[in-house]
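Undergrad: Quick one: the structure is below, questions incoming.
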Amino acid sequence: MSLTAKDVEEIMKLLEASTFDRLSLELDGVKLELERGGAAPPRAARLPREAAPAPAANPAPAPAAAPAVKPRKNGEEGLIEITSPLLGIYYRAPKPGEPPFVEVGQKVDTETVIGIVEVMKLMNSVSAGVSGEIVEILAPNGELVEHGEVLMLVRPDA
Amino acid sequence: MSIRRILIANRGEIAVRVIRTAQALGLETVLAVSEADRGSLGARMADRALCIGPSRPGDSYLRVETIVQAALGSGCDAVHPGYGFLSERADLARLCEQENVIFIGPTAAQIEAVGDKLRARTEAIAADVPVVPGGAVASPAEAQALAAEIGAPLLIKAVGGGGGRGMKLVEDLKDLAATMDMASAEAGAAFGDARVYLERYVAQGRHVEVQVLGDGRGNVIHLGERDCSVQRRYQKLIEETPAPHLPEDIRAQMHEAAVRFAARLDYRGAGTVEFLYDVARNQFYFLEMNARIQVEHPVTEMVTGIDLVAEQIAIANGEGLHLTQGDVRINGAAIEIRVNAEDPARDFMPSPGTVSSARWPDGEGIRVDTHIVDGAKIPPFYDSMVAKIIAHGPDRATALARLRAALGETRIEGISTNIAFQAESLADPDFARGGVDTGFLARRATRAAAATGD
């Protein structure tokens with residue numbers, strides 16, 4: 001059997017009405033992972049190759065490990081780097097056409113989701129890992145980032 | 001389809017080796033590296049290096065999805081898996097197939113067919129390739145009948161055992177019934193499974209393997225054999241071609257058997273069919289097939305003049321075989337030693353660290369495959385094999401003399417290596433005579449222990 005979009009909708013409603021934050025369902029080779037409060041993944045084409053077929057259901061981002069936060073000297077003293085916790089395709093927004101997770105000048109805290117890194121259709125949300133203000137966004141949207149690549153610079157709260 | 005850019009999903013000397021051939025073919029290379037390998041020679045040689053994760057292989061080199069994502073995201077049309085890591089993982093080959101990335105190797109189905117020992121044995125029998133005589137027995141009468149067929153000495157092995165456990169040797173068939181009762185009772189107690197099977201015991205065996213190339217459409221050629229009998233705890237240390245003093249009819253039969261086996265699978269790419277040569281009985285048996293480029297492939301390249309990595313790429317590119325069997329000529333002999341970063345004086349403990357200086361040999365017939373240069377780091381996370389020194393000559397004696405001289409020139413500072421240990425093995429009169437069996441290193445160790453009174 002396979003899951004229709006309607007099935008997934010139903011399951012999402014069930015999860016929403018429940019007291020659980022995460023749901024992982026596996027049947028007959030179909031794997032569905034849902035997470036409360038997770039953003040829908042982007043449907044952007046993977047560059048530079050053709051877009052992958054859209055998955056039947058948009059899995060919510062799996063929480064990625066907290067990114068490594070390193071102090072950085074880049075013109076301004078005391079800026080902190082937010083680096084990608086894994087190799088994948090970096091997306092600034094939950095979906096194409098939607099506003100980015102964060103913009104320059106915005107305040108973030110350690111838990112703020114600042115982007116998504118996709119590894120073979122598995123969406124991993126990246127949180128800031130630091131409290132402060134976004135000063136610069138370095139990684140280009142929709143492109144491959146390495147493990148440890150700097151995504152953004154943050155001026156930490158004093 | 002045409003390969004232009006290759007992602008190399010490996011590290012160390014084989015990454016460097018694949019990059020060299022790719023560059024010679026005018027192809028671009030992207031090397032997947034872990035954090036520990038960011039500064040490696042391969043990372044500097046490749047057109048681009050991509051960090052795929054932390055140093056532990058499970059977080060980087062063994063991640064199928066990350067590797068394929070790295071290939072897609074960097075615009076690679078093909079993935080070369082090297083050896084080890086993901087090279088014989090059907091799921092990498094399959095994910096590449098699904099994503100239209102060329103996997104430089106066999107199909108996922110072929111990897112599965114040879115990866116399962118029982119299935120591989122069934123395929124061998126079907127291809128009329130000899131296997132070690134033996135089988136399961138349900139009753140004492142069956143055991144007697146099978147034992148008479150196999151002949152003594154034979155082994156009684158527990159179905160639930162493995163890795164040398166649950167084995168009993170029967171030297172005289174009149175002891176069979178009693179030993180079987182004991183083996184069965186012990187197996188039941190030790191493994192919760194009293195079933196046993198019989199297998200011919202090879203007291204004196206040589207590990208001889210045949211290099212094959214297949215186009216994936218049933219055409220297969222062989223590039224001669226390699227003798228890898230110098231092993232320590234099932235780890236190969238010295239490899240050579242041709243196999244010394246192997247009877248010519250056996251050599252030819254092995255080549256033909258390997259081709260039959262691979263052709264039956266419509267095997268695609270470079271592969272190796274391993275055999276055990278039973279010295280006393282002058283027979284050989286199929287062991288397994290390795291569906292990848294092997295560590296010891298350079299000895300074959302030295303005597304044939306064929307670049308196996310280039311052939312792998314050409315086959316993956318759909319060009320088929322560039323050569324017919326008649327084009328393959330064996331010129332002289334070649335011997336390889338593996339240089340491991342380990343300390344023979346401390347029971348071969350791995351010796352990671354920084355190589356302060358590396359002086360590798362050169363000269364006529366000498367080839368060194370390595371990623372170790374001055375200042376190179378040997379991280380503790382990976383295999384300890386850091387180089388291969390290969391010598392070629394018009395005959396075995398010349399190749400051996402060149403290899404021994406080359407080892408004398410080699411100076412690696414900052415870490416311990418097994419080079420002196422390897423030089424002693426090469427100097428052993430039995431090795432110089434050629435054709436040693438797999439017990440060679442164990443016998444040397446026993447003699448050395450006796451001499452020092454340990």
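Just so we're on the same page: first chain in the structure tokens is A, next is B, and so on; residues restart at 1 for each chain, and ligands are numbered from 1 in the order they show up.
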I need the alpha helix (DSSP H) residues of region 223-303 of chain B per DSSP on the backbone, written as a list in words.
TA: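 Reading the DSSP output for region 223-303 of chain B, alpha helix (DSSP H) covers Glu248, Asp249, Ile250, Arg251, Ala252, Gln253, Met254, His255, Glu256, Ala257, Ala258, Val259, Arg260, Phe261, Ala262, Ala263, Arg264, His297, Pro298, Val299, Thr300, Glu301, Met302 and Val303 of chain B.
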Undergrad: Pick out the chain B residues within 8 Å of chain A. Count only C-alpha atoms. Give them as an NGL selection string.
TA: :B and (50-54 or 65-66 or 68-70 or 72-75)
Undergrad: Keeping only C-alpha atoms, take the residues you just selected and write them out as a short mmCIF file (atom, residue, chain, number, x, y, z; two decimals), in the first residue's frame.
TA:
```cif
data_model
loop_
_atom_site.label_atom_id
_atom_site.label_comp_id
_atom_site.auth_asym_id
_atom_site.auth_seq_id
_atom_site.Cartn_x
_atom_site.Cartn_y
_atom_site.Cartn_z
CA LEU B 50 33.92 18.64 -0.18
CA CYS B 51 33.75 18.03 3.53
CA ILE B 52 31.05 15.41 4.03
CA GLY B 53 31.17 15.12 7.81
CA PRO B 54 33.15 14.45 10.97
CA GLU B 65 22.85 9.61 1.17
CA THR B 66 25.52 12.22 1.90
CA VAL B 68 25.07 10.85 -3.44
CA GLN B 69 23.95 14.32 -2.34
CA ALA B 70 27.54 15.53 -2.63
CA LEU B 72 24.44 15.68 -7.23
CA GLY B 73 25.15 19.00 -5.56
CA SER B 74 28.58 19.33 -7.14
CA GLY B 75 27.46 18.38 -10.62
#
```
Undergrad: Calculate how many Å separate CA of Gly82 (chain B) from CA of His322 (chain B), rounding to one decimal.
TA: 21.2 Å
Undergrad: If you run DSSP over the backbone, which residues in region 8-85 of chain B end up strand (DSSP E)? Put them as a VMD selection string.
TA: chain B and resid 8 28 to 34 48 to 53 78 to 80
Undergrad: Within 6 Å of region 347-360 of chain B, counting only C-alpha atoms, which residues show up once you throw out same-chain ones fewer than 6 positions away? Write them as a list in words, please.
TA: Ala341, Val373, Asp374, Gly375, Ala376, Lys377, Ile378, Pro379, Pro380, Thr410, Arg411, Ile412, Glu413, Gly414, Ile415 and Ser416 of chain B
Undergrad: So how many Å separate CA of Glu364 (chain B) and CA of Arg402 (chain B), to one decimal?
TA: 8.0 Å
Undergrad: Set the distance at 12 Å and use only C-alpha atoms: which residues neighbour Arg20 (chain B) once local chain neighbours fewer than 4 positions away are removed? I'd like the list as a list in words.
TA: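 The residues satisfying every condition are Ile8, Glu13, Ile14, Ala15, Val16, Ala24, Leu25, Gly26, Leu27, Glu28, Thr29, Leu41, Gly42, Met45, Ala46, Asp47, Asp307, Val309, Ala310, Asp369, Thr370 and His371 of chain B.
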Undergrad: Put those residues in a file: N, CA and C atoms, as a tab-separated table (two decimals), in the first residue's frame.
TA:
```tsv
chain	number	residue	atom	x	y	z
B	8	ILE	N	34.86	11.19	-5.93
B	8	ILE	CA	35.60	10.06	-5.37
B	8	ILE	C	35.21	9.92	-3.91
B	13	GLU	N	45.48	6.59	-0.12
B	13	GLU	CA	46.22	6.37	-1.35
B	13	GLU	C	45.30	6.09	-2.55
B	14	ILE	N	44.16	5.43	-2.30
B	14	ILE	CA	43.31	5.08	-3.46
B	14	ILE	C	42.64	6.33	-4.02
B	15	ALA	N	42.35	7.31	-3.16
B	15	ALA	CA	41.79	8.56	-3.67
B	15	ALA	C	42.80	9.23	-4.61
B	16	VAL	N	44.06	9.27	-4.17
B	16	VAL	CA	45.12	9.85	-5.00
B	16	VAL	C	45.26	9.08	-6.31
B	24	ALA	N	44.54	12.26	-15.92
B	24	ALA	CA	45.17	11.85	-17.17
B	24	ALA	C	44.13	11.71	-18.28
B	25	LEU	N	42.90	11.38	-17.91
B	25	LEU	CA	41.83	11.23	-18.90
B	25	LEU	C	41.13	12.56	-19.19
B	26	GLY	N	41.59	13.63	-18.51
B	26	GLY	CA	40.98	14.93	-18.72
B	26	GLY	C	39.66	15.11	-18.00
B	27	LEU	N	39.42	14.34	-16.96
B	27	LEU	CA	38.17	14.43	-16.21
B	27	LEU	C	38.36	15.28	-14.96
B	28	GLU	N	37.29	15.95	-14.56
B	28	GLU	CA	37.34	16.74	-13.32
B	28	GLU	C	37.08	15.82	-12.13
B	29	THR	N	37.64	16.18	-10.99
B	29	THR	CA	37.46	15.35	-9.81
B	29	THR	C	36.97	16.17	-8.62
B	41	LEU	N	46.61	14.95	0.80
B	41	LEU	CA	47.16	15.14	-0.55
B	41	LEU	C	46.04	15.07	-1.59
B	42	GLY	N	45.14	14.12	-1.43
B	42	GLY	CA	44.03	13.99	-2.37
B	42	GLY	C	43.18	15.25	-2.42
B	45	MET	N	44.95	17.72	-4.52
B	45	MET	CA	45.04	17.37	-5.95
B	45	MET	C	43.71	17.50	-6.68
B	46	ALA	N	42.61	17.19	-5.99
B	46	ALA	CA	41.30	17.20	-6.65
B	46	ALA	C	40.94	18.63	-7.06
B	47	ASP	N	40.10	18.75	-8.09
B	47	ASP	CA	39.63	20.08	-8.48
B	47	ASP	C	38.84	20.72	-7.36
B	307	ASP	N	45.82	0.22	-17.31
B	307	ASP	CA	45.37	1.05	-16.19
B	307	ASP	C	43.96	0.59	-15.82
B	309	VAL	N	41.95	1.45	-13.40
B	309	VAL	CA	40.98	2.50	-13.06
B	309	VAL	C	40.43	3.13	-14.34
B	310	ALA	N	41.31	3.30	-15.33
B	310	ALA	CA	40.84	3.84	-16.61
B	310	ALA	C	39.85	2.88	-17.26
B	369	ASP	N	52.44	3.89	-4.52
B	369	ASP	CA	51.09	4.46	-4.43
B	369	ASP	C	50.89	4.91	-3.00
B	370	THR	N	50.80	6.21	-2.78
B	370	THR	CA	50.65	6.71	-1.42
B	370	THR	C	50.09	8.12	-1.41
B	371	HIS	N	49.58	8.52	-0.28
B	371	HIS	CA	49.15	9.90	-0.06
B	371	HIS	C	50.03	10.54	1.01
```
Undergrad: How far is it from CA of Arg4 (chain B) to CA of Glu311 (chain B), in Å with one decimal?
TA: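 Pair CA of Arg4 (chain B) / CA of Glu311 (chain B) returns 15.2 Å.
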Undergrad: Which one is closest to Gln231 (chain B): B:Pro130, B:Gly439, B:Gly135, B:Gly453? Count only C-alpha atoms.
TA: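 Answer, going by the shortest atom-to-atom distance: B:Gly439.
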Undergrad: Counting only C-alpha atoms, what is within 9 Å of Met180 (chain B), bar same-chain residues fewer than 6 positions away, as a PyMOL selection string?
TA: chain B and resi 140+143+156+168+196
Undergrad: Deliver the residues from the most recent selection as a file, using N, CA and C atoms, as a short mmCIF file (atom, residue, chain, number, x, y, z; two decimals), in the first residue's frame.
TA:
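For reference, again.cif as written:
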```cif
data_model
loop_
_atom_site.label_atom_id
_atom_site.label_comp_id
_atom_site.auth_asym_id
_atom_site.auth_seq_id
_atom_site.Cartn_x
_atom_site.Cartn_y
_atom_site.Cartn_z
N PRO B 140 24.17 -39.72 10.94
CA PRO B 140 25.50 -40.33 10.89
C PRO B 140 25.76 -41.05 9.57
N ALA B 143 26.61 -38.52 7.02
CA ALA B 143 27.93 -38.00 7.32
C ALA B 143 29.01 -38.94 6.79
N ILE B 156 34.73 -30.54 10.84
CA ILE B 156 33.32 -30.49 11.20
C ILE B 156 33.09 -29.09 11.74
N LYS B 168 36.08 -28.65 14.34
CA LYS B 168 36.84 -29.81 14.81
C LYS B 168 37.46 -30.50 13.60
N VAL B 196 25.65 -29.29 12.33
CA VAL B 196 27.04 -29.19 11.87
C VAL B 196 27.10 -29.52 10.38
#
```
Undergrad: Between A:Thr112, A:Ser24, A:Ser84, A:Ser125, which has the minimum distance to Ala139 (chain A) (counting only C-alpha atoms)?
TA: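 Ranking A:Thr112, A:Ser24, A:Ser84, A:Ser125 by distance to Ala139 (chain A), first place goes to A:Ser84.
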Undergrad: When you count only C-alpha atoms, which of these residues is closest to Gly84 (chain B): B:Asn290, B:Thr272, B:Gln144, B:Thr179?
TA: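 Checking each of B:Asn290, B:Thr272, B:Gln144, B:Thr179 against Gly84 (chain B), counting only C-alpha atoms, the winner is B:Asn290.
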Undergrad: What lies within 12 Å of Asp327 (chain B) using only C-alpha atoms, ignoring chain neighbours under 4 positions off, as a PDB file with C-alpha atoms, in the first residue's frame?
TA:
```pdb
ATOM      1  CA  ILE B 221      38.366 -11.058 -19.911  1.00  0.00           C
ATOM      2  CA  HIS B 222      40.980 -11.882 -17.272  1.00  0.00           C
ATOM      3  CA  LEU B 223      44.233 -10.058 -16.567  1.00  0.00           C
ATOM      4  CA  THR B 304      49.984  -5.912 -18.232  1.00  0.00           C
ATOM      5  CA  GLY B 305      50.521  -2.192 -18.771  1.00  0.00           C
ATOM      6  CA  ILE B 306      46.753  -1.751 -18.384  1.00  0.00           C
ATOM      7  CA  LEU B 321      35.968  -3.469 -23.138  1.00  0.00           C
ATOM      8  CA  HIS B 322      38.860  -1.813 -24.956  1.00  0.00           C
ATOM      9  CA  LEU B 323      40.732  -5.090 -25.053  1.00  0.00           C
TER      10      LEU B 323
END
```
Undergrad: Using only C-alpha atoms, find each residue of region 207-320 of chain B with at least one atom at most 12 Å away from an atom of region 388-399 of chain B; report its shortest atom-to-atom pair and that distance in Å (one decimal), sort the rows by chain and rising residue number, and return the result as a tab-separated table.
TA:
```
residue	atom	partner	partner_atom	distance
B:Lys236	CA	B:Lys388	CA	11.9
B:Leu237	CA	B:Lys388	CA	9.7
B:Ile238	CA	B:Lys388	CA	9.5
B:Glu239	CA	B:Ile390	CA	9.2
B:Glu240	CA	B:Ile390	CA	9.1
B:Thr241	CA	B:Arg396	CA	8.7
B:Pro242	CA	B:Arg396	CA	8.6
B:Ala243	CA	B:Arg396	CA	9.9
B:Pro244	CA	B:Arg396	CA	8.3
B:His245	CA	B:Arg396	CA	11.1
B:Val295	CA	B:Lys388	CA	8.5
B:Glu296	CA	B:Lys388	CA	8.3
B:His297	CA	B:Ile390	CA	10.3
B:Pro298	CA	B:Ile390	CA	7.3
B:Val299	CA	B:Ile390	CA	6.8
B:Thr300	CA	B:His392	CA	10.1
B:Glu301	CA	B:His392	CA	9.9
B:Met302	CA	B:His392	CA	6.3
B:Val303	CA	B:His392	CA	7.2
B:Thr304	CA	B:His392	CA	10.8
B:Gly305	CA	B:His392	CA	11.0
```
Undergrad: Include N, CA and C atoms and write out the residues we just selected as a CSV table (one decimal), in the first residue's frame.
TA:
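And here is the file that came out, part_3.csv:
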```csv
chain,number,residue,atom,x,y,z
B,236,LYS,N,46.2,-9.4,4.0
B,236,LYS,CA,47.2,-9.5,3.0
B,236,LYS,C,48.4,-8.5,3.3
B,237,LEU,N,49.6,-9.0,3.1
B,237,LEU,CA,50.7,-8.0,3.3
B,237,LEU,C,51.6,-7.9,2.1
B,238,ILE,N,51.8,-9.0,1.4
B,238,ILE,CA,52.6,-9.0,0.2
B,238,ILE,C,51.8,-9.7,-0.9
B,239,GLU,N,51.8,-9.1,-2.1
B,239,GLU,CA,51.1,-9.7,-3.2
B,239,GLU,C,51.9,-9.7,-4.5
B,240,GLU,N,51.7,-10.6,-5.3
B,240,GLU,CA,52.6,-10.7,-6.5
B,240,GLU,C,51.9,-11.4,-7.7
B,241,THR,N,52.4,-11.1,-8.8
B,241,THR,CA,51.9,-11.8,-10.0
B,241,THR,C,53.1,-12.0,-11.0
B,242,PRO,N,53.2,-13.1,-11.7
B,242,PRO,CA,52.3,-14.3,-11.6
B,242,PRO,C,52.5,-15.0,-10.3
B,243,ALA,N,51.6,-15.9,-10.0
B,243,ALA,CA,51.7,-16.8,-8.8
B,243,ALA,C,52.9,-17.8,-9.1
B,244,PRO,N,54.0,-17.7,-8.2
B,244,PRO,CA,55.1,-18.5,-8.5
B,244,PRO,C,54.9,-20.0,-8.4
B,245,HIS,N,55.5,-20.8,-9.3
B,245,HIS,CA,55.4,-22.2,-9.3
B,245,HIS,C,54.0,-22.8,-9.3
B,295,VAL,N,43.1,-3.4,-3.4
B,295,VAL,CA,44.4,-2.8,-3.0
B,295,VAL,C,45.5,-3.2,-3.8
B,296,GLU,N,45.6,-4.5,-4.1
B,296,GLU,CA,46.8,-5.0,-4.8
B,296,GLU,C,46.7,-5.0,-6.3
B,297,HIS,N,45.8,-4.1,-6.9
B,297,HIS,CA,45.7,-4.1,-8.3
B,297,HIS,C,47.0,-3.6,-9.1
B,298,PRO,N,47.9,-2.8,-8.4
B,298,PRO,CA,49.0,-2.3,-9.2
B,298,PRO,C,49.9,-3.4,-9.7
B,299,VAL,N,50.0,-4.6,-9.1
B,299,VAL,CA,50.9,-5.6,-9.6
B,299,VAL,C,50.4,-6.1,-11.0
B,300,THR,N,49.1,-6.1,-11.1
B,300,THR,CA,48.5,-6.5,-12.4
B,300,THR,C,48.8,-5.4,-13.4
B,301,GLU,N,48.7,-4.2,-13.0
B,301,GLU,CA,48.9,-3.1,-13.9
B,301,GLU,C,50.4,-3.1,-14.4
B,302,MET,N,51.3,-3.4,-13.5
B,302,MET,CA,52.7,-3.4,-13.9
B,302,MET,C,53.0,-4.4,-14.9
B,303,VAL,N,52.5,-5.6,-14.8
B,303,VAL,CA,52.8,-6.7,-15.8
B,303,VAL,C,52.0,-6.6,-17.1
B,304,THR,N,50.8,-6.0,-17.0
B,304,THR,CA,50.0,-5.9,-18.2
B,304,THR,C,50.1,-4.6,-18.9
B,305,GLY,N,50.5,-3.5,-18.2
B,305,GLY,CA,50.5,-2.2,-18.8
B,305,GLY,C,49.1,-1.6,-18.9
```
Undergrad: Measuring atom to atom with only C-alpha atoms, identify which of B:Thr21, B:Gly269, B:Tyr277, B:Arg264 is nearest to Leu246 (chain B).
TA: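 Answer, going by the shortest atom-to-atom distance: B:Tyr277.
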Undergrad: Counting only C-alpha atoms, figure out which residue out of B:Ala78, B:Ala432, B:Ala257, B:Leu400 gets nearest to Glu123 (chain B).
TA: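 Closest candidate: B:Ala257.
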Undergrad: Would you mind listing what lies within 7 Å of Val108 (chain A) as number ranges by chain, with only C-alpha atoms counted and same-chain residues fewer than 6 positions away left out?
TA: A: 128, 131-133
Undergrad: Give the answer as one residue: which of A:Asn141, A:Ala158, A:Gly97, A:Ile82 has the shortest atom-to-atom distance to Val113 (chain A), using only C-alpha atoms?
TA: A:Ile82
